[in-house]
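Raw contents of work.pdb, PDB, C-alpha atoms and all ligand atoms:
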```
ATOM      1  CA  MET Y   1      12.798  12.441-170.021
ATOM      2  CA  PHE Y   2      16.201  13.891-170.841
ATOM      3  CA  GLY Y   3      15.167  17.346-171.965
ATOM      4  CA  TYR Y   4      16.139  17.104-175.633
ATOM      5  CA  GLU Y   5      13.803  17.564-178.574
ATOM      6  CA  MET Y   6      14.976  14.666-180.736
ATOM      7  CA  VAL Y   7      16.476  11.197-180.507
ATOM      8  CA  LEU Y   8      18.394   9.306-183.183
ATOM      9  CA  PRO Y   9      18.573   5.592-182.328
ATOM     10  CA  MET Y  10      21.617   3.528-183.273
ATOM     11  CA  ASN Y  11      22.784   0.039-182.349
ATOM     12  CA  THR Y  12      26.090  -0.053-180.510
ATOM     13  CA  GLY Y  13      27.727   2.411-178.173
ATOM     14  CA  ALA Y  14      30.521   3.123-180.648
ATOM     15  CA  GLU Y  15      27.993   3.739-183.395
ATOM     16  CA  GLY Y  16      26.159   6.194-181.150
ATOM     17  CA  VAL Y  17      29.402   8.057-180.457
ATOM     18  CA  GLU Y  18      30.349   8.068-184.173
ATOM     19  CA  THR Y  19      26.929   9.497-184.957
ATOM     20  CA  ALA Y  20      27.343  12.203-182.330
ATOM     21  CA  LEU Y  21      30.771  13.096-183.740
ATOM     22  CA  LYS Y  22      29.422  13.361-187.284
ATOM     23  CA  LEU Y  23      26.515  15.436-186.043
ATOM     24  CA  ALA Y  24      28.852  17.751-184.137
ATOM     25  CA  ARG Y  25      31.031  18.265-187.204
ATOM     26  CA  LYS Y  26      28.022  18.855-189.463
ATOM     27  CA  TRP Y  27      26.606  21.402-187.005
ATOM     28  CA  GLY Y  28      30.047  22.985-186.732
ATOM     29  CA  TYR Y  29      30.299  23.564-190.476
ATOM     30  CA  GLU Y  30      26.663  24.538-191.103
ATOM     31  CA  LYS Y  31      25.797  26.597-188.049
ATOM     32  CA  LYS Y  32      29.061  27.655-186.466
ATOM     33  CA  LYS Y  33      30.698  28.270-189.850
ATOM     34  CA  ILE Y  34      33.914  26.404-189.063
ATOM     35  CA  PRO Y  35      36.121  26.507-192.194
ATOM     36  CA  LYS Y  36      35.955  23.348-194.334
ATOM     37  CA  ASN Y  37      37.705  20.287-192.832
ATOM     38  CA  GLU Y  38      38.999  22.216-189.819
ATOM     39  CA  ALA Y  39      36.553  21.061-187.145
ATOM     40  CA  ILE Y  40      38.057  19.939-183.834
ATOM     41  CA  ILE Y  41      36.628  17.560-181.252
ATOM     42  CA  VAL Y  42      38.017  17.857-177.721
ATOM     43  CA  SER Y  43      38.152  14.582-175.801
ATOM     44  CA  CYS Y  44      39.597  13.431-172.494
ATOM     45  CA  CYS Y  45      42.803  11.543-171.726
ATOM     46  CA  GLY Y  46      41.952   8.034-170.574
ATOM     47  CA  CYS Y  47      38.596   8.011-172.357
ATOM     48  CA  PHE Y  48      36.839   4.981-173.761
ATOM     49  CA  HIS Y  49      34.153   5.429-176.385
ATOM     50  CA  GLY Y  50      34.272   2.149-178.295
ATOM     51  CA  ARG Y  51      36.385   0.561-181.008
ATOM     52  CA  THR Y  52      35.549   2.140-184.358
ATOM     53  CA  LEU Y  53      38.206   4.137-186.203
ATOM     54  CA  ALA Y  54      37.108   7.685-185.333
ATOM     55  CA  VAL Y  55      36.571   6.634-181.756
ATOM     56  CA  ILE Y  56      39.906   4.851-181.258
ATOM     57  CA  SER Y  57      41.571   7.895-182.785
ATOM     58  CA  MET Y  58      40.869   9.588-179.439
ATOM     59  CA  SER Y  59      41.933   6.649-177.340
ATOM     60  CA  CYS Y  60      44.832   6.620-174.870
ATOM     61  CA  ASP Y  61      44.803   2.821-174.923
ATOM     62  CA  ASN Y  62      47.744   1.560-176.995
ATOM     63  CA  GLU Y  63      46.124  -1.839-177.429
ATOM     64  CA  ALA Y  64      43.165  -0.152-179.092
ATOM     65  CA  THR Y  65      45.209   2.033-181.443
ATOM     66  CA  ARG Y  66      48.450   0.242-182.381
ATOM     67  CA  GLY Y  67      48.325  -1.392-185.785
ATOM     68  CA  PHE Y  68      45.212   0.495-186.902
ATOM     69  CA  GLY Y  69      46.750   3.759-188.151
ATOM     70  CA  PRO Y  70      46.508   6.226-189.712
ATOM     71  CA  LEU Y  71      44.093   7.556-187.129
ATOM     72  CA  VAL Y  72      41.408  10.148-187.866
ATOM     73  CA  PRO Y  73      42.687  13.719-187.337
ATOM     74  CA  GLY Y  74      40.882  16.661-185.765
ATOM     75  CA  HIS Y  75      41.217  16.043-182.030
ATOM     76  CA  ILE Y  76      42.620  17.809-178.996
ATOM     77  CA  LYS Y  77      43.026  16.006-175.681
ATOM     78  CA  VAL Y  78      42.373  17.424-172.224
ATOM     79  CA  ASP Y  79      42.817  15.856-168.788
ATOM     80  CA  PHE Y  80      39.543  14.508-167.408
ATOM     81  CA  GLY Y  81      38.140  16.972-164.879
ATOM     82  CA  ASP Y  82      40.586  19.790-165.686
ATOM     83  CA  ALA Y  83      38.183  22.661-166.331
ATOM     84  CA  VAL Y  84      41.000  25.227-166.412
ATOM     85  CA  ALA Y  85      42.821  23.389-169.229
ATOM     86  CA  LEU Y  86      39.518  22.937-171.069
ATOM     87  CA  GLU Y  87      38.790  26.661-170.844
ATOM     88  CA  LYS Y  88      42.267  27.409-172.212
ATOM     89  CA  ILE Y  89      41.663  25.068-175.159
ATOM     90  CA  PHE Y  90      38.352  26.771-175.885
ATOM     91  CA  LYS Y  91      39.968  30.216-175.692
ATOM     92  CA  GLU Y  92      42.713  29.171-178.107
ATOM     93  CA  HIS Y  93      40.752  27.002-180.548
ATOM     94  CA  GLY Y  94      37.088  27.792-179.787
ATOM     95  CA  ASP Y  95      36.291  29.014-183.289
ATOM     96  CA  ARG Y  96      37.070  25.531-184.648
ATOM     97  CA  ILE Y  97      35.685  23.353-181.840
ATOM     98  CA  ALA Y  98      32.620  21.390-182.933
ATOM     99  CA  GLY Y  99      32.185  19.351-179.764
ATOM    100  CA  PHE Y 100      33.519  18.156-176.423
ATOM    101  CA  LEU Y 101      33.242  14.394-175.962
ATOM    102  CA  PHE Y 102      33.438  12.937-172.452
ATOM    103  CA  GLU Y 103      32.082  10.228-170.190
ATOM    104  CA  PRO Y 104      30.335  11.510-167.039
ATOM    105  CA  ILE Y 105      32.358   8.862-165.206
ATOM    106  CA  GLN Y 106      35.437   7.402-166.880
ATOM    107  CA  GLY Y 107      35.167   3.673-166.669
ATOM    108  CA  GLU Y 108      37.236   2.325-169.576
ATOM    109  CA  ALA Y 109      34.313   0.176-170.791
ATOM    110  CA  GLY Y 110      31.173   0.486-168.809
ATOM    111  CA  ILE Y 111      27.537   1.345-169.075
ATOM    112  CA  LEU Y 112      26.064   3.344-171.948
ATOM    113  CA  GLY Y 113      24.340   1.296-174.742
ATOM    114  CA  LYS Y 114      24.039  -1.573-172.279
ATOM    115  CA  ALA Y 115      21.595   0.028-169.891
ATOM    116  CA  LEU Y 116      19.361   1.239-172.720
ATOM    117  CA  GLY Y 117      19.110  -2.267-174.172
ATOM    118  CA  GLY Y 118      18.392  -3.845-170.798
ATOM    119  CA  GLY Y 119      21.637  -5.788-171.199
ATOM    120  CA  VAL Y 120      20.278  -7.957-174.021
ATOM    121  CA  ILE Y 121      19.499  -5.947-177.165
ATOM    122  CA  PRO Y 122      21.967  -3.626-178.927
ATOM    123  CA  VAL Y 123      20.527  -0.133-178.900
ATOM    124  CA  SER Y 124      22.120   3.252-178.375
ATOM    125  CA  ALA Y 125      20.810   6.743-178.924
ATOM    126  CA  VAL Y 126      21.983  10.228-179.782
ATOM    127  CA  LEU Y 127      19.991  13.044-178.189
ATOM    128  CA  ALA Y 128      19.946  16.608-179.498
ATOM    129  CA  ASP Y 129      17.730  19.607-180.002
ATOM    130  CA  LYS Y 130      16.329  20.227-183.488
ATOM    131  CA  ASP Y 131      18.778  23.006-184.157
ATOM    132  CA  VAL Y 132      21.585  20.429-184.034
ATOM    133  CA  MET Y 133      19.893  17.176-185.047
ATOM    134  CA  LEU Y 134      18.353  18.532-188.232
ATOM    135  CA  CYS Y 135      21.791  19.402-189.588
ATOM    136  CA  ILE Y 136      21.756  15.761-190.727
ATOM    137  CA  ARG Y 137      19.183  15.264-193.438
ATOM    138  CA  PRO Y 138      17.615  12.039-194.783
ATOM    139  CA  GLY Y 139      20.212  10.015-196.668
ATOM    140  CA  GLU Y 140      23.208  11.686-195.026
ATOM    141  CA  HIS Y 141      23.506   9.255-192.137
ATOM    142  CA  GLY Y 142      21.832   6.037-191.105
ATOM    143  CA  SER Y 143      22.112   2.409-190.072
ATOM    144  CA  THR Y 144      20.089  -0.584-191.303
ATOM    145  CA  PHE Y 145      19.021  -1.697-187.856
ATOM    146  CA  GLY Y 146      19.164   1.666-186.063
ATOM    147  CA  GLY Y 147      15.782   2.244-184.440
ATOM    148  CA  ASN Y 148      14.398  -1.184-185.376
ATOM    149  CA  PRO Y 149      11.054  -1.988-183.692
ATOM    150  CA  LEU Y 150      12.358  -4.611-181.256
ATOM    151  CA  ALA Y 151      15.288  -2.498-180.045
ATOM    152  CA  SER Y 152      13.062   0.577-179.757
ATOM    153  CA  ALA Y 153      10.485  -1.320-177.696
ATOM    154  CA  VAL Y 154      13.218  -2.698-175.440
ATOM    155  CA  ALA Y 155      14.777   0.750-174.983
ATOM    156  CA  ILE Y 156      11.435   2.293-174.013
ATOM    157  CA  ALA Y 157      10.669  -0.582-171.621
ATOM    158  CA  SER Y 158      14.141  -0.362-170.141
ATOM    159  CA  LEU Y 159      13.785   3.370-169.463
ATOM    160  CA  ASP Y 160      10.362   2.723-167.896
ATOM    161  CA  VAL Y 161      11.863   0.111-165.579
ATOM    162  CA  ILE Y 162      14.755   2.389-164.625
ATOM    163  CA  GLN Y 163      12.238   5.095-163.679
ATOM    164  CA  GLU Y 164       9.474   2.987-162.134
ATOM    165  CA  GLU Y 165      11.767   0.773-160.092
ATOM    166  CA  LYS Y 166      13.873   3.793-159.124
ATOM    167  CA  LEU Y 167      17.043   2.016-160.203
ATOM    168  CA  ALA Y 168      19.182   5.152-160.149
ATOM    169  CA  GLU Y 169      18.185   5.815-156.528
ATOM    170  CA  ARG Y 170      18.691   2.135-155.741
ATOM    171  CA  SER Y 171      22.164   2.295-157.243
ATOM    172  CA  ALA Y 172      22.948   5.334-155.076
ATOM    173  CA  HIS Y 173      21.802   3.620-151.833
ATOM    174  CA  LEU Y 174      23.352   0.235-152.504
ATOM    175  CA  GLY Y 175      26.471   1.943-153.788
ATOM    176  CA  GLU Y 176      26.956   3.548-150.368
ATOM    177  CA  GLU Y 177      26.799   0.092-148.824
ATOM    178  CA  LEU Y 178      29.226  -1.331-151.393
ATOM    179  CA  LEU Y 179      31.677   1.520-150.944
ATOM    180  CA  CYS Y 180      31.488   1.034-147.185
ATOM    181  CA  GLN Y 181      32.389  -2.653-147.624
ATOM    182  CA  LEU Y 182      35.234  -1.779-149.965
ATOM    183  CA  VAL Y 183      36.611   0.808-147.539
ATOM    184  CA  LYS Y 184      36.656  -1.893-144.831
ATOM    185  CA  ILE Y 185      38.602  -4.148-147.212
ATOM    186  CA  LYS Y 186      41.041  -1.328-147.893
ATOM    187  CA  GLU Y 187      41.523  -0.822-144.154
ATOM    188  CA  GLU Y 188      42.158  -4.527-143.659
ATOM    189  CA  PHE Y 189      44.619  -4.767-146.554
ATOM    190  CA  PRO Y 190      46.299  -1.352-146.612
ATOM    191  CA  ASN Y 191      49.406  -2.710-148.334
ATOM    192  CA  TYR Y 192      47.507  -4.112-151.241
ATOM    193  CA  VAL Y 193      44.663  -1.660-151.729
ATOM    194  CA  LYS Y 194      45.622   1.851-152.706
ATOM    195  CA  GLU Y 195      42.193   3.377-153.245
ATOM    196  CA  VAL Y 196      38.503   2.595-153.532
ATOM    197  CA  ARG Y 197      36.194   4.919-155.408
ATOM    198  CA  GLY Y 198      32.890   4.938-157.198
ATOM    199  CA  ARG Y 199      29.522   6.484-157.856
ATOM    200  CA  GLY Y 200      26.482   4.414-156.971
ATOM    201  CA  LEU Y 201      27.160   0.765-157.674
ATOM    202  CA  PHE Y 202      29.733   1.672-160.345
ATOM    203  CA  THR Y 203      32.814   1.168-158.202
ATOM    204  CA  ALA Y 204      36.475   0.255-158.425
ATOM    205  CA  LEU Y 205      39.307  -0.836-156.253
ATOM    206  CA  GLU Y 206      42.851   0.121-157.179
ATOM    207  CA  PHE Y 207      45.772  -1.992-156.029
ATOM    208  CA  ASN Y 208      49.261  -0.930-155.204
ATOM    209  CA  SER Y 209      51.178  -2.386-158.167
ATOM    210  CA  LYS Y 210      54.337  -3.080-156.136
ATOM    211  CA  SER Y 211      52.682  -5.023-153.339
ATOM    212  CA  LEU Y 212      50.403  -6.834-155.786
ATOM    213  CA  PHE Y 213      53.291  -7.919-158.058
ATOM    214  CA  PRO Y 214      53.544 -10.346-159.847
ATOM    215  CA  VAL Y 215      49.782 -10.793-159.571
ATOM    216  CA  SER Y 216      47.563  -8.592-161.739
ATOM    217  CA  ALA Y 217      44.001  -7.325-161.434
ATOM    218  CA  TYR Y 218      43.119  -9.896-164.091
ATOM    219  CA  ASP Y 219      44.363 -12.721-161.815
ATOM    220  CA  ILE Y 220      42.282 -11.301-158.967
ATOM    221  CA  CYS Y 221      39.199 -11.279-161.206
ATOM    222  CA  LEU Y 222      39.781 -14.919-162.202
ATOM    223  CA  LYS Y 223      39.866 -15.922-158.531
ATOM    224  CA  MET Y 224      36.735 -13.877-157.851
ATOM    225  CA  LYS Y 225      35.047 -15.738-160.696
ATOM    226  CA  GLU Y 226      36.012 -19.071-159.104
ATOM    227  CA  ARG Y 227      34.324 -17.840-155.942
ATOM    228  CA  GLY Y 228      31.180 -16.811-157.834
ATOM    229  CA  VAL Y 229      31.557 -13.100-158.603
ATOM    230  CA  LEU Y 230      32.225 -11.592-162.035
ATOM    231  CA  ALA Y 231      34.318  -8.420-162.040
ATOM    232  CA  LYS Y 232      36.400  -6.800-164.743
ATOM    233  CA  PRO Y 233      40.049  -5.781-164.573
ATOM    234  CA  THR Y 234      40.948  -2.363-165.918
ATOM    235  CA  HIS Y 235      44.634  -2.463-166.789
ATOM    236  CA  ASP Y 236      47.011  -4.211-164.413
ATOM    237  CA  THR Y 237      45.947  -2.798-161.083
ATOM    238  CA  ILE Y 238      42.250  -1.916-161.064
ATOM    239  CA  VAL Y 239      39.278  -4.192-160.406
ATOM    240  CA  ARG Y 240      36.048  -2.610-161.508
ATOM    241  CA  LEU Y 241      32.685  -3.658-160.099
ATOM    242  CA  THR Y 242      29.491  -2.960-162.044
ATOM    243  CA  PRO Y 243      26.925  -5.107-160.239
ATOM    244  CA  PRO Y 244      23.350  -5.362-161.532
ATOM    245  CA  LEU Y 245      21.101  -2.629-160.185
ATOM    246  CA  CYS Y 246      18.503  -5.199-159.092
ATOM    247  CA  MET Y 247      20.815  -6.942-156.602
ATOM    248  CA  SER Y 248      19.923  -7.129-152.918
ATOM    249  CA  ARG Y 249      21.778  -5.639-149.957
ATOM    250  CA  ASP Y 250      22.767  -9.155-148.856
ATOM    251  CA  GLU Y 251      24.209  -9.875-152.271
ATOM    252  CA  VAL Y 252      26.309  -6.706-152.035
ATOM    253  CA  LYS Y 253      27.734  -8.091-148.785
ATOM    254  CA  GLU Y 254      28.297 -11.534-150.289
ATOM    255  CA  GLY Y 255      30.108 -10.020-153.269
ATOM    256  CA  SER Y 256      32.356  -7.944-151.037
ATOM    257  CA  LYS Y 257      33.142 -11.010-148.940
ATOM    258  CA  VAL Y 258      34.321 -12.813-152.074
ATOM    259  CA  LEU Y 259      36.758 -10.007-152.785
ATOM    260  CA  HIS Y 260      37.885 -10.080-149.158
ATOM    261  CA  ASP Y 261      38.448 -13.853-149.303
ATOM    262  CA  VAL Y 262      40.452 -13.595-152.516
ATOM    263  CA  LEU Y 263      42.778 -11.053-150.884
ATOM    264  CA  GLU Y 264      43.077 -12.985-147.640
ATOM    265  CA  LEU Y 265      43.188 -16.576-148.866
ATOM    266  CA  ASP Y 266      44.138 -16.624-152.547
ATOM    267  CA  LEU Y 267      46.423 -13.675-153.116
ATOM    268  CA  PRO Y 268      49.362 -14.855-150.949
ATOM    269  CA  ASN Y 269      49.340 -18.226-152.743
ATOM    270  CA  MET Y 270      49.063 -16.587-156.148
ATOM    271  CA  GLN Y 271      52.050 -14.376-155.374
ATOM    272  CA  LYS Y 272      54.122 -17.422-154.423
ATOM    273  CA  ALA Y 273      53.023 -19.425-157.465
ATOM    274  CA  LYS Y 274      53.309 -16.838-160.243
ATOM    275  CA  PRO Y 275      56.731 -16.416-161.897
ATOM    276  CA  LYS Y 276      58.310 -13.084-160.978
ATOM    277  CA  ASP Y 277      59.397 -12.438-164.561
ATOM    278  CA  SER Y 278      55.834 -12.373-165.920
ATOM    279  CA  PRO Y 279      55.575  -9.753-168.665
ATOM    280  CA  THR Y 280      53.787  -6.555-167.746
ATOM    281  CA  THR Y 281      51.823  -4.586-170.304
ATOM    282  CA  ALA Y 282      53.091  -1.229-171.540
ATOM    283  CA  THR Y 283      51.198   1.642-169.977
ATOM    284  CA  ILE Y 284      52.838   4.646-171.615
ATOM    285  CA  CYS Y 285      50.290   6.309-173.875
ATOM    286  CA  ASP Y 286      51.421   6.655-177.514
ATOM    287  CA  ARG Y 287      49.539   9.941-177.787
ATOM    288  CA  CYS Y 288      50.519  11.912-174.712
ATOM    289  CA  GLY Y 289      53.516   9.899-173.482
ATOM    290  CA  ARG Y 290      52.161   9.594-169.957
ATOM    291  CA  ASN Y 291      51.775   6.558-167.771
ATOM    292  CA  LEU Y 292      48.006   6.549-167.596
ATOM    293  CA  TYR Y 293      47.810   4.240-164.670
ATOM    294  CA  ASP Y 294      50.065   6.221-162.432
ATOM    295  CA  PRO Y 295      48.462   7.383-159.176
ATOM    296  CA  SER Y 296      48.138  10.871-160.610
ATOM    297  CA  ASP Y 297      46.260   9.790-163.771
ATOM    298  CA  ARG Y 298      43.526   7.363-163.135
ATOM    299  CA  ALA Y 299      40.431   5.850-164.654
ATOM    300  CA  LEU Y 300      37.720   4.392-162.440
TER     301      LEU Y 300
HETATM  302  C1  LIG J 401      31.565   4.572-172.088
HETATM  303  C2  LIG J 401      31.438   3.704-173.288
HETATM  304  N1  LIG J 401      31.251   4.268-174.495
HETATM  305  C3  LIG J 401      31.142   3.513-175.610
HETATM  306  C4  LIG J 401      31.229   2.134-175.537
HETATM  307  C5  LIG J 401      31.146   1.320-176.798
HETATM  308  O1  LIG J 401      30.008   0.540-176.830
HETATM  309  P1  LIG J 401      29.888  -0.684-177.863
HETATM  310  O2  LIG J 401      30.802  -1.752-177.370
HETATM  311  O3  LIG J 401      28.447  -1.079-177.777
HETATM  312  O4  LIG J 401      30.296  -0.191-179.202
HETATM  313  C6  LIG J 401      31.394   1.516-174.302
HETATM  314  C7  LIG J 401      31.502   0.062-174.244
HETATM  315  O5  LIG J 401      31.960  -0.554-173.335
HETATM  316  C8  LIG J 401      31.514   2.315-173.154
HETATM  317  O6  LIG J 401      31.708   1.786-171.968
END
```

Before anything else, please render the file you have as structure tokens.
Amino acid sequence: MFGYEMVLPMNTGAEGVETALKLARKWGYEKKKIPKNEAIIVSCCGCFHGRTLAVISMSCDNEATRGFGPLVPGHIKVDFGDAVALEKIFKEHGDRIAGFLFEPIQGEAGILGKALGGGVIPVSAVLADKDVMLCIRPGEHGSTFGGNPLASAVAIASLDVIQEEKLAERSAHLGEELLCQLVKIKEEFPNYVKEVRGRGLFTALEFNSKSLFPVSAYDICLKMKERGVLAKPTHDTIVRLTPPLCMSRDEVKEGSKVLHDVLELDLPNMQKAKPKDSPTTATICDRCGRNLYDPSDRAL
């Protein structure tokens, strides 16, 4: 289905990523002949790959990293989508690079292990060709419940459903509708809404922090919940929407209307009611010193 020769099942998303990192390093030393303990993983600014130690060592999220040091060495960061910078890194350090870790769409918490487990069973998977996968031999890596029968059955059924019910195509079609609704909301509230963006149903709406102040994306999500829609804030100014792929076109419209009503009816009251001296969270990344949530540096 994915074009790889082998699959190594794990449980959580972070565990899958950890496994991939270990595999990349092992391949790097055995096949690429990287000198001992010098392997480098390149990862992207603003990434999210879970909460284990190796994974948070690449994080730009201070909340995820502060208080958990020392972090695992052996990383170089690159801006998401900057192919020129990535090429430069490979030219300068290519002989020691064991892998490049990135999300196809940066979501700061999103979809990987969840879709495979149908949203109910923890299961993640690492895919590789034999040349890479067999660098890890029996006893060198594993997990008690990785590949357990229930999770494996669920993963296979989940992939069948995604294919048979054409959920990826469905996400693409409904996503167009959702984006259309969000663009209308942006046009109606140009002061509040800075940008809408997305791919399929995986969408986000970014607020203008000044006009939203002192309200945060979290407050918006709480009001949306009161009106019957669950959405997740990403930092102070982004509301991310990851609706279920099985939802109907009418439900897409209903969900968008809830967001519209929160902006029209609730937001002005929230702005009046919330103290203006509410603390705001620090957004300067400890690693690269940038404000990640500036207009120029954004996650979905
Ligand atoms: C892109 C991505 N990678 C990895 C993870 C980590 O998954 P888990 O929480 O199952 O460890 C997540 C979880 O939200 C994620 O969105």

Q: For the structure provided, state which residues fall under the PyMOL selection byres (((not hetatm)) within 12 of (chain J and resi 401)), and present them as a PyMOL selection string.
A: chain Y and resi 10-20+44+46-53+55-56+59+101-117+119-125+202+232+234+242+299-300

**Q.** Point-to-point distance in Å for atom CA of Gly228 of chain Y and atom CA of Pro268 of chain Y
**A.** 19.5 Å

Q.
For segment 216-219 of chain Y, find every residue with an atom within 8 Å (counting only C-alpha atoms), except residues of its own chain fewer than 6 positions away, and show them as a list in words.
A. Phe207, Lys232, Pro233, Thr234, His235, Asp236, Thr237, Ile238 and Val239 of chain Y

Q) When distances are computed from only C-alpha atoms, which of Y:Gly289, Y:Gly99, Y:Gly81, Y:Gly3 shows the smallest separation from Gly28 of chain Y? A)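 Once distances to Gly28 of chain Y are computed over only C-alpha atoms, the minimum belongs to Y:Gly99.
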
Which residues of segment 175-294 of chain Y come within 9 Å of segment 149-170 of chain Y, and for each one, what is the closest pair of atoms and their distance in Å to one decimal, counting all atoms listed in the file, sorted by chain and residue number, as a tab-separated table?
```
residue	atom	partner	partner_atom	distance
Y:Gly175	CA	Y:Arg170	CA	8.0
Y:Gly200	CA	Y:Ala168	CA	8.0
Y:Leu201	CA	Y:Arg170	CA	8.8
Y:Leu245	CA	Y:Leu167	CA	6.2
Y:Cys246	CA	Y:Leu167	CA	7.4
```

Q. What residues come out when you apply the PyMOL selection byres (((chain Y and resi 197) around 10) and not hetatm) to this file, written as a list in words?
A.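 On this input, the PyMOL selection byres (((chain Y and resi 197) around 10) and not hetatm) captures Leu179, Leu182, Val183, Glu195, Val196, Gly198, Arg199, Gly200, Phe202, Thr203, Ala204, Leu205, Glu206, Arg240 and Leu300 of chain Y.
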
Q | Separation of atom CA of Arg96 of chain Y from atom CA of Ile34 of chain Y in Å | A |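 Separating atom CA of Ile34 of chain Y from atom CA of Arg96 of chain Y is a distance of 5.5 Å.
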
Q: Take the point (54.7, -6.3, -159.4) in the file's coordinates, draw a sphere of radius 12 Å around it, and report as number ranges by chain every protein, DNA or RNA residue with an atom inside or on it, counting all atoms listed in the file.
A: Y: 192, 207-217, 236-237, 271, 274-281

Limited to C-alpha atoms, could you put the picked residues into a file as a tab-separated table (two decimals), keeping the file's coordinate frame?
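This went into out.tsv:
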```
chain	number	residue	atom	x	y	z
Y	192	TYR	CA	47.51	-4.11	-151.24
Y	207	PHE	CA	45.77	-1.99	-156.03
Y	208	ASN	CA	49.26	-0.93	-155.20
Y	209	SER	CA	51.18	-2.39	-158.17
Y	210	LYS	CA	54.34	-3.08	-156.14
Y	211	SER	CA	52.68	-5.02	-153.34
Y	212	LEU	CA	50.40	-6.83	-155.79
Y	213	PHE	CA	53.29	-7.92	-158.06
Y	214	PRO	CA	53.54	-10.35	-159.85
Y	215	VAL	CA	49.78	-10.79	-159.57
Y	216	SER	CA	47.56	-8.59	-161.74
Y	217	ALA	CA	44.00	-7.32	-161.43
Y	236	ASP	CA	47.01	-4.21	-164.41
Y	237	THR	CA	45.95	-2.80	-161.08
Y	271	GLN	CA	52.05	-14.38	-155.37
Y	274	LYS	CA	53.31	-16.84	-160.24
Y	275	PRO	CA	56.73	-16.42	-161.90
Y	276	LYS	CA	58.31	-13.08	-160.98
Y	277	ASP	CA	59.40	-12.44	-164.56
Y	278	SER	CA	55.83	-12.37	-165.92
Y	279	PRO	CA	55.58	-9.75	-168.66
Y	280	THR	CA	53.79	-6.56	-167.75
Y	281	THR	CA	51.82	-4.59	-170.30
```

Q: Could you pull out every residue with an atom within 9 Å of (42.4, 1.7, -188.8), file coordinates, counting only C-alpha atoms, and send them as a list in words?
A: Thr52, Leu53, Ala54, Ile56, Ser57, Thr65, Arg66, Gly67, Phe68, Gly69, Pro70, Leu71 and Val72 of chain Y

Q. Neighbours of segment 129-136 of chain Y within 6 Å (only C-alpha atoms; same-chain residues fewer than 2 positions away dropped), as a ChimeraX atom specification?
A. /Y:4-6,27

File dump, residues just selected, C-alpha atoms, as a compact mmCIF listing (two decimals), keeping the file's coordinate frame:
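To be explicit, this is the file written out as part25.txt:
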```
# COMPACT_ATOMS: atom_id res chain seq x y z
CA TYR Y 4 16.14 17.10 -175.63
CA GLU Y 5 13.80 17.56 -178.57
CA MET Y 6 14.98 14.67 -180.74
CA TRP Y 27 26.61 21.40 -187.00
```
